[in-house]
Structure formats: structure tokens, C-alpha cells
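Structure file model33.tsv (TSV, C-alpha atoms and all ligand atoms) is printed below.
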```
chain	number	residue	atom	x	y	z
A	25	MET	CA	-110.94	309.32	17.33
A	26	GLU	CA	-110.45	309.26	13.54
A	27	LYS	CA	-113.97	310.60	13.11
A	28	MET	CA	-113.47	313.24	15.80
A	29	ARG	CA	-110.18	314.36	14.22
A	30	GLU	CA	-112.05	315.14	11.00
A	31	ASN	CA	-113.58	318.04	12.91
A	32	PHE	CA	-110.08	319.51	13.31
A	33	PRO	CA	-108.63	320.28	9.85
A	34	VAL	CA	-105.36	321.41	11.50
A	35	THR	CA	-104.52	317.72	12.01
A	36	ARG	CA	-104.06	317.35	8.23
A	37	THR	CA	-101.20	319.83	8.03
A	38	LYS	CA	-99.67	320.25	11.49
A	39	THR	CA	-98.78	318.50	14.71
A	40	PHE	CA	-100.54	321.10	16.78
A	41	LEU	CA	-99.53	320.89	20.45
A	42	ASN	CA	-99.97	324.55	21.35
A	43	HIS	CA	-103.43	324.99	22.89
A	44	ALA	CA	-101.97	327.03	25.76
A	45	ALA	CA	-101.14	329.72	23.15
A	46	MET	CA	-103.89	330.10	20.55
A	47	SER	CA	-105.94	327.23	19.16
A	48	PRO	CA	-107.12	326.43	15.66
A	49	VAL	CA	-110.90	326.39	15.36
A	50	SER	CA	-112.82	323.23	14.54
A	51	LYS	CA	-115.18	322.78	11.58
A	52	PRO	CA	-118.35	323.30	13.67
A	53	VAL	CA	-116.90	326.55	15.06
A	54	ALA	CA	-115.91	327.83	11.63
A	55	GLY	CA	-119.37	326.76	10.36
A	56	ALA	CA	-121.18	328.74	13.07
A	57	MET	CA	-119.20	331.88	12.28
A	58	LYS	CA	-119.57	331.50	8.49
A	59	LYS	CA	-123.32	331.04	8.88
A	60	LEU	CA	-123.59	334.29	10.81
A	61	ILE	CA	-121.51	336.16	8.26
A	62	ASP	CA	-123.74	334.89	5.44
A	63	GLU	CA	-126.85	335.83	7.38
A	64	ALA	CA	-125.43	339.30	8.03
A	65	THR	CA	-125.36	340.05	4.30
A	66	CYS	CA	-129.19	339.89	4.19
A	67	PHE	CA	-129.76	340.89	7.80
A	68	ASP	CA	-131.44	337.56	8.25
A	69	PHE	CA	-130.06	336.32	11.56
A	70	SER	CA	-131.13	333.20	13.39
A	71	SER	CA	-130.68	334.80	16.77
A	72	GLU	CA	-130.60	331.49	18.68
A	73	ASP	CA	-127.06	331.00	17.30
A	74	TRP	CA	-125.66	333.94	19.20
A	75	GLU	CA	-128.23	335.81	21.27
A	76	ASP	CA	-127.33	334.09	24.56
A	77	CYS	CA	-123.63	334.47	23.65
A	78	GLY	CA	-123.06	330.88	24.79
A	79	LYS	CA	-123.45	331.85	28.45
A	80	PRO	CA	-125.57	328.78	29.33
A	81	TYR	CA	-122.88	326.48	27.89
A	82	PHE	CA	-120.05	328.22	29.74
A	83	ALA	CA	-122.14	328.12	32.93
A	84	GLN	CA	-122.61	324.37	32.47
A	85	LEU	CA	-118.89	323.91	31.84
A	86	ILE	CA	-117.89	325.51	35.16
A	87	ASN	CA	-120.95	324.41	37.20
A	88	ALA	CA	-122.35	327.92	37.54
A	89	ARG	CA	-125.78	329.43	36.83
A	90	THR	CA	-126.31	331.33	33.58
A	91	GLU	CA	-127.21	334.48	35.60
A	92	GLU	CA	-123.74	334.38	37.12
A	93	ILE	CA	-122.02	334.79	33.74
A	94	ALA	CA	-121.16	338.06	31.98
A	95	ARG	CA	-119.74	338.19	28.49
A	96	ILE	CA	-116.36	339.88	28.18
A	97	GLU	CA	-113.91	340.25	25.30
A	98	ASN	CA	-110.89	338.65	26.97
A	99	THR	CA	-109.51	337.38	30.26
A	100	SER	CA	-107.62	340.58	31.01
A	101	MET	CA	-110.86	342.58	30.97
A	102	GLY	CA	-112.48	340.08	33.34
A	103	MET	CA	-109.58	340.32	35.78
A	104	ASN	CA	-109.70	344.14	35.58
A	105	ILE	CA	-113.44	344.17	36.30
A	106	ALA	CA	-112.93	341.94	39.35
A	107	ALA	CA	-110.03	344.09	40.58
A	108	HIS	CA	-112.17	347.24	40.39
A	109	VAL	CA	-115.37	345.76	41.65
A	110	ILE	CA	-114.10	344.58	45.03
A	111	GLN	CA	-113.36	348.20	46.00
A	112	ALA	CA	-110.33	347.31	48.08
A	113	PRO	CA	-109.37	350.13	50.44
A	114	ARG	CA	-105.94	351.73	49.95
A	115	GLY	CA	-103.22	349.73	51.67
A	116	ALA	CA	-105.22	346.47	51.49
A	117	LYS	CA	-103.33	343.32	50.60
A	118	ILE	CA	-103.72	341.20	47.46
A	119	VAL	CA	-102.03	337.82	47.51
A	120	THR	CA	-100.84	336.34	44.23
A	121	THR	CA	-97.89	334.20	43.11
A	122	ASP	CA	-94.64	334.60	41.20
A	123	LEU	CA	-95.91	332.23	38.48
A	124	GLU	CA	-98.67	334.51	37.18
A	125	TYR	CA	-99.37	335.98	33.78
A	126	PRO	CA	-99.44	339.84	33.72
A	127	SER	CA	-103.24	339.88	33.37
A	128	VAL	CA	-103.49	338.48	36.91
A	129	THR	CA	-101.14	340.92	38.67
A	130	TYR	CA	-101.30	344.17	36.63
A	131	PRO	CA	-104.94	345.05	37.44
A	132	PHE	CA	-103.98	345.25	41.14
A	133	LEU	CA	-100.73	347.13	40.56
A	134	ARG	CA	-102.24	350.37	39.28
A	135	LYS	CA	-100.79	353.12	41.45
A	136	SER	CA	-104.16	354.84	41.87
A	137	LEU	CA	-105.49	351.78	43.74
A	138	GLY	CA	-102.69	351.92	46.31
A	139	LEU	CA	-102.77	348.17	47.01
A	140	ASN	CA	-100.09	346.05	48.60
A	141	VAL	CA	-99.53	343.12	46.20
A	142	HIS	CA	-97.78	340.18	47.82
A	143	TYR	CA	-96.20	337.43	45.68
A	144	VAL	CA	-96.02	333.92	47.13
A	145	ARG	CA	-92.79	332.41	45.74
A	146	ASN	CA	-92.83	329.05	44.01
A	147	ILE	CA	-90.74	326.18	45.32
A	148	ASN	CA	-89.55	324.02	42.44
A	149	GLY	CA	-92.46	325.19	40.29
A	150	LYS	CA	-95.11	324.63	42.97
A	151	ILE	CA	-97.00	327.09	45.15
A	152	LEU	CA	-97.30	325.44	48.54
A	153	LEU	CA	-100.54	325.85	50.45
A	154	GLU	CA	-98.62	326.46	53.67
A	155	ASP	CA	-96.89	329.45	52.00
A	156	MET	CA	-100.23	330.75	50.77
A	157	GLU	CA	-101.63	330.33	54.28
A	158	LYS	CA	-98.73	332.31	55.77
A	159	ALA	CA	-99.18	335.13	53.23
A	160	VAL	CA	-102.91	335.69	53.74
A	161	ASP	CA	-103.94	337.81	56.73
A	162	ASP	CA	-106.94	339.84	57.81
A	163	LYS	CA	-105.79	342.81	55.67
A	164	THR	CA	-106.04	340.58	52.57
A	165	VAL	CA	-109.01	341.41	50.35
A	166	ALA	CA	-108.34	338.92	47.58
A	167	ILE	CA	-106.21	336.03	46.39
A	168	ALA	CA	-105.68	336.24	42.62
A	169	VAL	CA	-104.26	333.20	40.81
A	170	SER	CA	-104.49	331.30	37.55
A	171	HIS	CA	-106.15	327.91	37.97
A	172	VAL	CA	-103.34	326.50	35.81
A	173	GLU	CA	-100.17	328.60	35.50
A	174	TYR	CA	-99.20	329.60	31.96
A	175	ALA	CA	-95.47	328.82	31.85
A	176	ASN	CA	-94.96	325.63	33.83
A	177	GLY	CA	-98.55	324.34	34.03
A	178	PHE	CA	-98.81	324.15	37.84
A	179	ARG	CA	-102.44	323.55	38.84
A	180	HIS	CA	-103.67	325.11	42.10
A	181	ASP	CA	-105.98	323.25	44.44
A	182	LEU	CA	-108.62	325.98	44.19
A	183	ARG	CA	-110.77	324.54	46.92
A	184	ALA	CA	-107.93	324.71	49.43
A	185	VAL	CA	-107.01	328.22	48.24
A	186	SER	CA	-110.61	329.47	48.58
A	187	GLU	CA	-110.81	328.05	52.11
A	188	ILE	CA	-107.74	330.09	53.04
A	189	ALA	CA	-109.21	333.21	51.39
A	190	HIS	CA	-112.63	332.89	52.99
A	191	ARG	CA	-111.23	332.21	56.45
A	192	HIS	CA	-109.80	335.74	56.26
A	193	GLY	CA	-112.85	337.32	54.60
A	194	ALA	CA	-111.00	337.63	51.27
A	195	TYR	CA	-112.25	336.83	47.75
A	196	LEU	CA	-110.80	334.24	45.39
A	197	ILE	CA	-110.31	335.67	41.88
A	198	VAL	CA	-109.30	333.12	39.24
A	199	ASP	CA	-107.87	333.41	35.75
A	200	ALA	CA	-109.10	330.19	34.15
A	201	ILE	CA	-107.87	330.61	30.58
A	202	GLN	CA	-105.33	327.77	30.95
A	203	ALA	CA	-107.91	325.50	32.59
A	204	ALA	CA	-111.36	326.00	31.03
A	205	GLY	CA	-111.82	323.43	28.27
A	206	ALA	CA	-108.87	321.29	29.39
A	207	ILE	CA	-109.75	320.22	32.92
A	208	SER	CA	-112.83	320.14	35.05
A	209	VAL	CA	-113.56	323.56	36.56
A	210	ASP	CA	-116.21	323.68	39.28
A	211	VAL	CA	-116.78	327.08	40.85
A	212	LYS	CA	-119.31	325.76	43.38
A	213	ARG	CA	-117.21	322.84	44.61
A	214	ASP	CA	-114.15	325.08	44.83
A	215	GLY	CA	-115.77	328.20	46.33
A	216	VAL	CA	-114.58	330.57	43.59
A	217	ASP	CA	-115.85	334.17	43.81
A	218	PHE	CA	-114.76	335.56	40.41
A	219	LEU	CA	-113.44	333.66	37.39
A	220	ALA	CA	-112.49	334.93	33.95
A	221	SER	CA	-111.59	333.16	30.73
A	222	ALA	CA	-111.34	333.97	27.05
A	223	CYS	CA	-112.19	331.27	24.48
A	224	TYR	CA	-109.21	331.18	22.13
A	225	LYS	CA	-107.06	328.67	24.01
A	226	TRP	CA	-108.40	325.39	25.45
A	227	LEU	CA	-112.03	326.22	24.62
A	228	MET	CA	-110.96	326.26	20.98
A	229	GLY	CA	-113.10	329.23	20.03
A	230	PRO	CA	-112.17	332.48	18.30
A	231	SER	CA	-110.58	335.48	20.00
A	232	GLY	CA	-112.84	338.35	21.04
A	233	ALA	CA	-115.14	336.24	23.21
A	234	GLY	CA	-114.83	335.39	26.90
A	235	TYR	CA	-116.76	335.06	30.14
A	236	LEU	CA	-116.67	336.42	33.66
A	237	TYR	CA	-118.28	334.41	36.45
A	238	VAL	CA	-119.38	336.33	39.55
A	239	ARG	CA	-120.82	334.35	42.47
A	240	LYS	CA	-124.55	335.10	42.73
A	241	GLU	CA	-124.40	336.43	46.29
A	242	LEU	CA	-121.81	339.02	45.23
A	243	ILE	CA	-123.43	340.41	42.09
A	244	GLU	CA	-125.75	342.96	43.63
A	245	LYS	CA	-123.23	343.94	46.26
A	246	PHE	CA	-121.15	345.76	43.69
A	247	GLU	CA	-121.49	348.71	41.38
A	248	PRO	CA	-120.16	347.77	37.95
A	249	PRO	CA	-116.97	349.68	37.03
A	250	PHE	CA	-117.96	350.20	33.37
A	251	VAL	CA	-121.58	350.75	32.43
A	252	GLY	CA	-123.84	351.18	29.42
A	253	TRP	CA	-127.15	349.97	28.00
A	254	ALA	CA	-126.19	346.32	28.56
A	255	SER	CA	-125.71	346.82	32.33
A	256	VAL	CA	-129.35	347.47	33.13
A	257	LYS	CA	-132.34	345.19	33.70
A	258	PRO	CA	-133.75	343.90	30.38
A	259	GLU	CA	-137.25	345.12	31.42
A	260	VAL	CA	-135.95	348.68	31.24
A	261	PHE	CA	-135.62	348.59	27.48
A	262	GLU	CA	-138.25	345.96	26.76
A	263	THR	CA	-141.11	347.97	28.25
A	264	THR	CA	-140.22	351.61	27.70
A	265	ASP	CA	-140.04	353.83	24.64
A	266	PHE	CA	-137.15	355.74	26.07
A	267	TRP	CA	-134.19	354.68	28.13
A	268	ASP	CA	-134.13	355.92	31.68
A	269	ILE	CA	-130.98	357.99	31.34
A	270	TRP	CA	-131.36	359.57	34.78
A	271	LYS	CA	-131.17	356.54	37.05
A	272	PRO	CA	-129.68	353.26	35.82
A	273	GLN	CA	-131.34	350.17	37.29
A	274	TYR	CA	-128.53	347.65	37.08
A	275	SER	CA	-129.35	344.07	36.25
A	276	GLU	CA	-129.59	341.62	39.16
A	277	ASN	CA	-127.52	339.25	37.04
A	278	ALA	CA	-123.87	339.28	36.06
A	279	SER	CA	-124.85	341.11	32.86
A	280	ARG	CA	-124.59	344.29	35.00
A	281	PHE	CA	-120.85	343.95	34.32
A	282	GLU	CA	-121.44	344.24	30.56
A	283	ALA	CA	-121.53	347.71	29.01
A	284	GLY	CA	-122.19	347.57	25.25
A	285	SER	CA	-122.50	345.31	22.21
A	286	PRO	CA	-120.56	342.07	21.88
A	287	SER	CA	-118.69	340.74	18.87
A	288	ILE	CA	-121.52	338.47	17.78
A	289	ILE	CA	-119.38	336.53	15.32
A	290	SER	CA	-116.90	335.69	18.06
A	291	PHE	CA	-119.68	334.59	20.40
A	292	ALA	CA	-121.36	332.47	17.71
A	293	GLY	CA	-118.01	330.66	17.40
A	294	ALA	CA	-117.48	330.47	21.16
A	295	ARG	CA	-120.93	328.99	21.64
A	296	ALA	CA	-120.29	326.24	19.07
A	297	ALA	CA	-116.83	325.59	20.55
A	298	ILE	CA	-118.07	325.05	24.10
A	299	LYS	CA	-120.97	322.92	22.87
A	300	LEU	CA	-118.53	320.61	21.11
A	301	LEU	CA	-116.49	320.19	24.31
A	302	LEU	CA	-119.63	319.56	26.39
A	303	ASP	CA	-120.73	316.91	23.88
A	304	VAL	CA	-117.41	315.10	24.29
A	305	GLY	CA	-117.64	315.63	28.08
A	306	ILE	CA	-115.14	317.64	30.10
A	307	ASP	CA	-114.29	314.68	32.33
A	308	ASN	CA	-113.43	312.61	29.24
A	309	ILE	CA	-111.34	315.50	27.92
A	310	GLU	CA	-109.42	315.90	31.17
A	311	LYS	CA	-108.81	312.15	31.34
A	312	ARG	CA	-107.52	312.07	27.78
A	313	ILE	CA	-105.28	315.13	28.26
A	314	LEU	CA	-103.76	313.65	31.41
A	315	GLU	CA	-103.20	310.36	29.59
A	316	LEU	CA	-101.37	312.20	26.80
A	317	THR	CA	-99.34	314.37	29.17
A	318	ASP	CA	-98.39	311.32	31.33
A	319	TYR	CA	-97.15	309.69	28.15
A	320	LEU	CA	-95.30	312.85	27.07
A	321	ILE	CA	-93.59	313.20	30.47
A	322	ASN	CA	-92.46	309.60	30.35
A	323	GLU	CA	-91.08	309.93	26.81
A	324	LEU	CA	-89.31	313.23	27.62
A	325	GLN	CA	-87.66	311.72	30.69
A	326	ASN	CA	-86.58	308.64	28.71
A	327	ALA	CA	-85.03	311.01	26.18
A	328	GLY	CA	-83.02	312.72	28.96
A	329	PHE	CA	-84.91	316.01	29.13
A	330	THR	CA	-85.50	317.80	32.44
A	331	LEU	CA	-89.12	318.48	33.29
A	332	GLN	CA	-90.11	321.96	34.50
A	333	THR	CA	-93.71	321.01	35.25
A	334	PRO	CA	-94.56	319.37	38.59
A	335	GLU	CA	-94.81	315.65	37.87
A	336	ASP	CA	-97.58	314.95	40.35
A	337	ARG	CA	-100.85	314.51	38.39
A	338	VAL	CA	-102.95	316.63	40.77
A	339	CYS	CA	-100.55	319.55	40.29
A	340	ARG	CA	-100.90	319.88	36.53
A	341	GLY	CA	-103.40	320.28	33.69
A	342	GLY	CA	-102.67	320.28	29.96
A	343	ILE	CA	-99.29	322.04	30.02
A	344	VAL	CA	-95.92	320.28	30.11
A	345	ASN	CA	-92.68	322.28	30.01
A	346	PHE	CA	-89.21	320.80	29.53
A	347	LYS	CA	-85.85	322.54	29.69
A	348	VAL	CA	-83.82	322.93	26.49
A	349	GLU	CA	-80.57	324.63	25.47
A	350	ASN	CA	-82.09	327.20	23.11
A	351	PRO	CA	-85.88	327.43	23.49
A	352	GLN	CA	-86.53	330.08	20.81
A	353	LYS	CA	-84.48	328.26	18.18
A	354	MET	CA	-86.05	324.94	19.14
A	355	GLN	CA	-89.55	326.43	18.73
A	356	GLU	CA	-88.61	327.74	15.26
A	357	GLN	CA	-87.01	324.49	14.12
A	358	LEU	CA	-89.99	322.45	15.34
A	359	ALA	CA	-92.35	324.85	13.53
A	360	GLU	CA	-90.38	324.25	10.31
A	361	LYS	CA	-91.35	320.58	10.72
A	362	GLY	CA	-94.98	321.57	11.31
A	363	ILE	CA	-94.80	320.92	15.07
A	364	MET	CA	-96.38	323.79	16.99
A	365	VAL	CA	-95.25	324.49	20.56
A	366	THR	CA	-94.08	327.60	22.48
A	367	ALA	CA	-90.75	328.63	24.01
A	368	ARG	CA	-91.41	329.58	27.65
A	369	ALA	CA	-89.40	329.84	30.88
A	370	SER	CA	-86.10	328.49	29.46
A	371	GLY	CA	-87.94	325.54	28.00
A	372	ILE	CA	-90.49	324.29	25.54
A	373	ARG	CA	-94.16	324.37	26.56
A	374	VAL	CA	-96.24	321.57	25.07
A	375	SER	CA	-100.02	321.68	25.38
A	376	PRO	CA	-101.93	318.83	23.72
A	377	HIS	CA	-105.74	318.67	23.58
A	378	PHE	CA	-108.03	315.64	23.62
A	379	TYR	CA	-107.92	315.11	19.84
A	380	ASN	CA	-104.11	314.78	19.75
A	381	THR	CA	-102.52	311.34	19.57
A	382	LYS	CA	-99.56	309.49	21.08
A	383	GLU	CA	-98.06	309.33	17.57
A	384	GLU	CA	-98.00	313.13	17.49
A	385	ILE	CA	-96.26	313.18	20.88
A	386	ASP	CA	-93.71	310.66	19.55
A	387	ARG	CA	-93.04	312.95	16.59
A	388	LEU	CA	-92.42	315.92	18.84
A	389	VAL	CA	-90.06	314.03	21.17
A	390	GLU	CA	-88.10	312.51	18.25
A	391	GLU	CA	-87.59	315.92	16.60
A	392	ALA	CA	-86.82	317.67	19.91
A	393	LYS	CA	-84.15	315.04	20.64
A	394	LYS	CA	-82.46	315.64	17.27
A	395	ILE	CA	-82.59	319.43	17.62
A	396	GLU	CA	-81.29	319.39	21.21
A	397	LYS	CA	-78.31	317.30	20.08
A	398	GLN	CA	-77.42	319.98	17.50
A	399	HIS	CA	-77.68	322.74	20.12
A	400	ARG	CA	-75.57	321.09	22.83
B	501	LIG	C1	-102.84	332.75	32.37
B	501	LIG	C2	-103.16	333.68	31.25
B	501	LIG	N1	-103.99	334.71	31.48
B	501	LIG	C3	-104.33	335.57	30.51
B	501	LIG	C4	-103.83	335.43	29.22
B	501	LIG	C5	-104.23	336.42	28.17
B	501	LIG	O1	-105.59	336.57	28.22
B	501	LIG	P1	-106.45	337.50	27.27
B	501	LIG	O2	-105.72	337.67	25.99
B	501	LIG	O3	-107.71	336.71	27.12
B	501	LIG	O4	-106.65	338.76	27.99
B	501	LIG	C6	-102.95	334.38	28.94
B	501	LIG	C7	-102.37	334.24	27.59
B	501	LIG	O5	-101.40	333.58	27.36
B	501	LIG	C8	-102.63	333.49	29.98
B	501	LIG	O6	-101.81	332.46	29.75
```
I need this file expressed as C-alpha cells, please.
Ligand SMILES: Cc1ncc(COP(=O)(O)O)c(C=O)c1O
Amino acid sequence: MEKMRENFPVTRTKTFLNHAAMSPVSKPVAGAMKKLIDEATCFDFSSEDWEDCGKPYFAQLINARTEEIARIENTSMGMNIAAHVIQAPRGAKIVTTDLEYPSVTYPFLRKSLGLNVHYVRNINGKILLEDMEKAVDDKTVAIAVSHVEYANGFRHDLRAVSEIAHRHGAYLIVDAIQAAGAISVDVKRDGVDFLASACYKWLMGPSGAGYLYVRKELIEKFEPPFVGWASVKPEVFETTDFWDIWKPQYSENASRFEAGSPSIISFAGARAAIKLLLDVGIDNIEKRILELTDYLINELQNAGFTLQTPEDRVCRGGIVNFKVENPQKMQEQLAEKGIMVTARASGIRVSPHFYNTKEEIDRLVEEAKKIEKQHR
């Protein structure tokens, strides 16, 4: 662990427990981006560092095939592409939940689409499968949820949710930004149709890079909503002097959902970030995060705080939220002590990664106890 922590310079100056917000980058990630910047000065790129944009690594991380991955700039864009692509008829139903981030619901709420967006209400921070089941009917074209919810950290049983969706001929569209890199994500096991994630949270990459997974069988069914040179078959520009600007031949792969050039520096960083996590092993990472969050929950309860995250292990990922008197002030006072967390949903959201330690959790709980005493 000591050796691994050397890869994360943030550990020298901060108690960083805020991976659900924006993560610091590790040394290998910074190195990959610096190398590309240096190479750019002489136009002397080693294309293997960025050309595949890290798609094979992301595919491995979520148990998909590389052809099923498109590069995107952020999660919101991925969710928008999915929302457009499914071509839901006016009046069709989209089922989501009242725990979602705007990027999950807004793409379906555009007036021009004329969709009926139904919110399944949480019960004590959980979305019950029986409520989901009741909400989905044969007019439903998609269920859109976050794998792990941003404020309270509730983790959906995606497999059960996809079974409900598919029984009614609906798609499952997943925002995985609070899951990918923290817990095991398996699109094949769980029957996911679309999944989007940026890299700047649990994947510990830079902003500006992300991925959209589209299940192979669905790719060619859809016309991409935004198109450009990157949407067409590679043969088109590898074998011709001129682009065929009369009749686009869209790629058979998910790259048909890409339009133009990527931020290659961001993707060089993203690629190195995902490689680092794969080297540690996502199962090891999930195990470690759950060990740390179990410990955190226990310490918070011993200190008299009320938990806002479902306690049950299968219902959570890397996020733990506890209620406090003045969340914003608490966040600021903790930051003054170098402890990084976020005020969310009348509480403090803590999101440790695998390289954090129990000592860091102890520090947070000790300081939070003192601050809460002042506020009460
Ligand atoms: C669940 C969820 N989705 C989406 C986002 C934002 O995604 P992006 O900036 O990649 O569009 C966040 C950021 O907090 C989030 O928590």
C-alpha cells in the first residue's frame, strides 16, 4: 500500500475522500499526458499511447467488446446520444428515479421529444424493484438510471432492472460515472443496452474523456444523432483519395456515434488511468472500497451520526453520506484541515478509493465530530 500510495501525490498534502466529485490524477496518468505534450512540440507522437483512446481497456473494465465502445467527452453527452438514438415515439414512457443526477433525466425531458418521464420514488434512500416493476409497462421504451446514485450512493441491481426492462421490450440506459472504477461493472452479466461514463471521478483520469457502450446487436439498428468523419467505416478514408460526401457509410462499430476529433491529451491520460486500475484488479478495488466504507459507516454510527446511505452492502458502492447540521460549512471547515469531501443532500458525501487508509477515515470522523459539536 505504501508503494502504491507513492503513485498518488495527493496523499502527501490532503486526506482526499472525494472521488465521487473530481479525482486527482496519479503519477502514471500525469506522465502519459506530459509525454504527449512534449511529443506535440516536435510533432513526434507515439500513437500507441492514444490512438485507440483507451477503448480496449474500458471494454475490459466493463466486460464489453472494444467495437461496442465509442469515445465521448463526458457522461452527459453519452446519455444524450442514447436518448436520441432510441427514437422513442411521442408519448412513450421513460422510467427513471427521483435519485438521479440531471444528466440522466434532462436528455429525456426536452419538450421536442414529447416523452412521458416517470420517476420511481425512493423509499428511505432505496429504489425498490417492486416499484420499478409497477412503473414499467408496454409503453415504456427505456429505463434510465445511474448504476450508483450520486447523492446517497444507492447501488441498483442492474441485472434485475434490465430483466424488468427487457420483459417489456424497453432498453436499459445506465449512467456509470459513480460506478466505473469503483465497483465491478459487467454489461453482459447485467444485460445493459447503453452505458456512459466520463473518466474524471472513480477512473481517476482527466476530464474531457469518456466512453459510451452500445450493445453490439443495437449498433447498426440506429442512425447516429451527430455525425462527421469519425462516424464512417475506417476503410472509407483509408482507401480513397476523397471522402464520399454524398452517402455516409456508417461504421458497424460503436464509433458510428463519434463525430470528430477527440481531446488526445485527455484520452492519453484516461488510457493510463484505466490501465492502472486494471493492473490492481477491479475486484480487489471493490473489495477494498467496501472494506473502507464498512469501517467508515461503523465509525460514523459510533460517533452518533445518522447514515443517509443504505447500510446493506449490496445496495452501495463507494459513496457514504451522513446527515449533519450545516453541510456547506462542514465541507469548508474540513477542507481547511485538508480533508476533501462534498456537501450533498443535507449531509456530507464521503467517497474513498482503494488507496485511502483507515487512518484517513479516522481523521475525517474525528474532525467531523468536533465540527458537528460546534454547529449543534
Ligand atoms: C451520476 C452522475 N452523472 C453525471 C455526472 C456529470 O457527468 P459529466 O460531467 O461527465 O457529464 C455526475 C457528476 O457529478 C454524476 O454524479
Could you build a table of the residues in segment 207-285 of chain A lying no more than 8 Å from segment 180-203 of chain A, giving for each the nearest pair of atoms and their separation in Å rounded to one decimal place, using all atoms listed in the file, ordered by chain and ascending residue number, as JSON lines?
```
{"residue": "A:Ile207", "atom": "CA", "partner": "A:Ala203", "partner_atom": "CA", "distance": 5.6}
{"residue": "A:Ser208", "atom": "CA", "partner": "A:Ala203", "partner_atom": "CA", "distance": 7.7}
{"residue": "A:Val209", "atom": "CA", "partner": "A:Ala203", "partner_atom": "CA", "distance": 7.2}
{"residue": "A:Arg213", "atom": "CA", "partner": "A:Arg183", "partner_atom": "CA", "distance": 7.0}
{"residue": "A:Asp214", "atom": "CA", "partner": "A:Arg183", "partner_atom": "CA", "distance": 4.0}
{"residue": "A:Gly215", "atom": "CA", "partner": "A:Ser186", "partner_atom": "CA", "distance": 5.8}
{"residue": "A:Val216", "atom": "CA", "partner": "A:Leu196", "partner_atom": "CA", "distance": 5.6}
{"residue": "A:Asp217", "atom": "CA", "partner": "A:Leu196", "partner_atom": "CA", "distance": 5.3}
{"residue": "A:Phe218", "atom": "CA", "partner": "A:Ile197", "partner_atom": "CA", "distance": 4.7}
{"residue": "A:Leu219", "atom": "CA", "partner": "A:Val198", "partner_atom": "CA", "distance": 4.6}
{"residue": "A:Ala220", "atom": "CA", "partner": "A:Asp199", "partner_atom": "CA", "distance": 5.2}
{"residue": "A:Ser221", "atom": "CA", "partner": "A:Ile201", "partner_atom": "CA", "distance": 4.5}
{"residue": "A:Ala222", "atom": "CA", "partner": "A:Ile201", "partner_atom": "CA", "distance": 6.0}
{"residue": "A:Cys223", "atom": "CA", "partner": "A:Ile201", "partner_atom": "CA", "distance": 7.5}
{"residue": "A:Lys225", "atom": "CA", "partner": "A:Ile201", "partner_atom": "CA", "distance": 6.9}
{"residue": "A:Trp226", "atom": "CA", "partner": "A:Gln202", "partner_atom": "CA", "distance": 6.7}
```
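A cut-off of 12 Å from the point (-90.5, 330.4, 42.5), with all atoms listed in the file, picks out the residues Thr121, Asp122, Leu123, Glu124, Tyr143, Val144, Arg145, Asn146, Ile147, Asn148, Gly149, Lys150, Ile151, Leu152, Asp155, Ala175, Asn176, Phe178, Gln332 and Ala369 of chain A.
Using all atoms listed in the file, the shortest contact distance between ligand LIG 501 (chain B) and any of A:Glu349, A:Asp265, A:Asp68, A:Glu97 is found at A:Glu97.
When only C-alpha atoms and all ligand atoms are used to measure the gap to ligand LIG 501 (chain B), the shortest distance among A:Phe281, A:Tyr224, A:Tyr237, A:Tyr274 belongs to A:Tyr224.
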Which polymer residues have any atom within 12 Å of an atom of Val304 of chain A, counting all atoms listed in the file, with same-chain residues fewer than 4 positions away left out, as a PyMOL selection string? chain A and resi 25+28+85+205-206+297-300+308-312+378-379
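Near Lys397 of chain A, within a cut-off of 12 Å and counting all atoms listed in the file, sit the residues Ala327, Gly328, Phe329, Val348, Glu349, Asn350, Met354, Glu390, Glu391 and Ala392 of chain A, with same-chain residues fewer than 5 positions away left out.
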What does the distance between atom CA of Arg95 of chain A and atom CA of Ser231 of chain A come to in Å, to one decimal place? 12.8 Å
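When only C-alpha atoms and all ligand atoms are used to compute distances to ligand LIG 501 (chain B), the closest of the residues A:Glu75, A:Glu259, A:Glu173, A:Glu154 turns out to be A:Glu173.
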As AutoDock Vina command-line options, what would the box around ligand LIG 501 (chain B) look like: edges along x, y and z, 5 Å added on every side, centre and edge lengths in Å to one decimal?
```
--center_x -104.6 --center_y 335.6 --center_z 29.2 --size_x 16.3 --size_y 16.3 --size_z 16.4
```
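Excluding Thr39 of chain A and any residue on its chain fewer than 5 positions from it, the residues at most 12 Å away by all atoms listed in the file are Phe32, Pro33, Val34, Pro48, Leu358, Ala359, Glu360, Lys361, Gly362, Ile363, Met364, Val365, Val374, Ser375, Pro376, His377, Tyr379, Asn380, Thr381, Lys382, Glu383, Glu384, Ile385, Asp386, Arg387, Leu388, Val389 and Glu391 of chain A.
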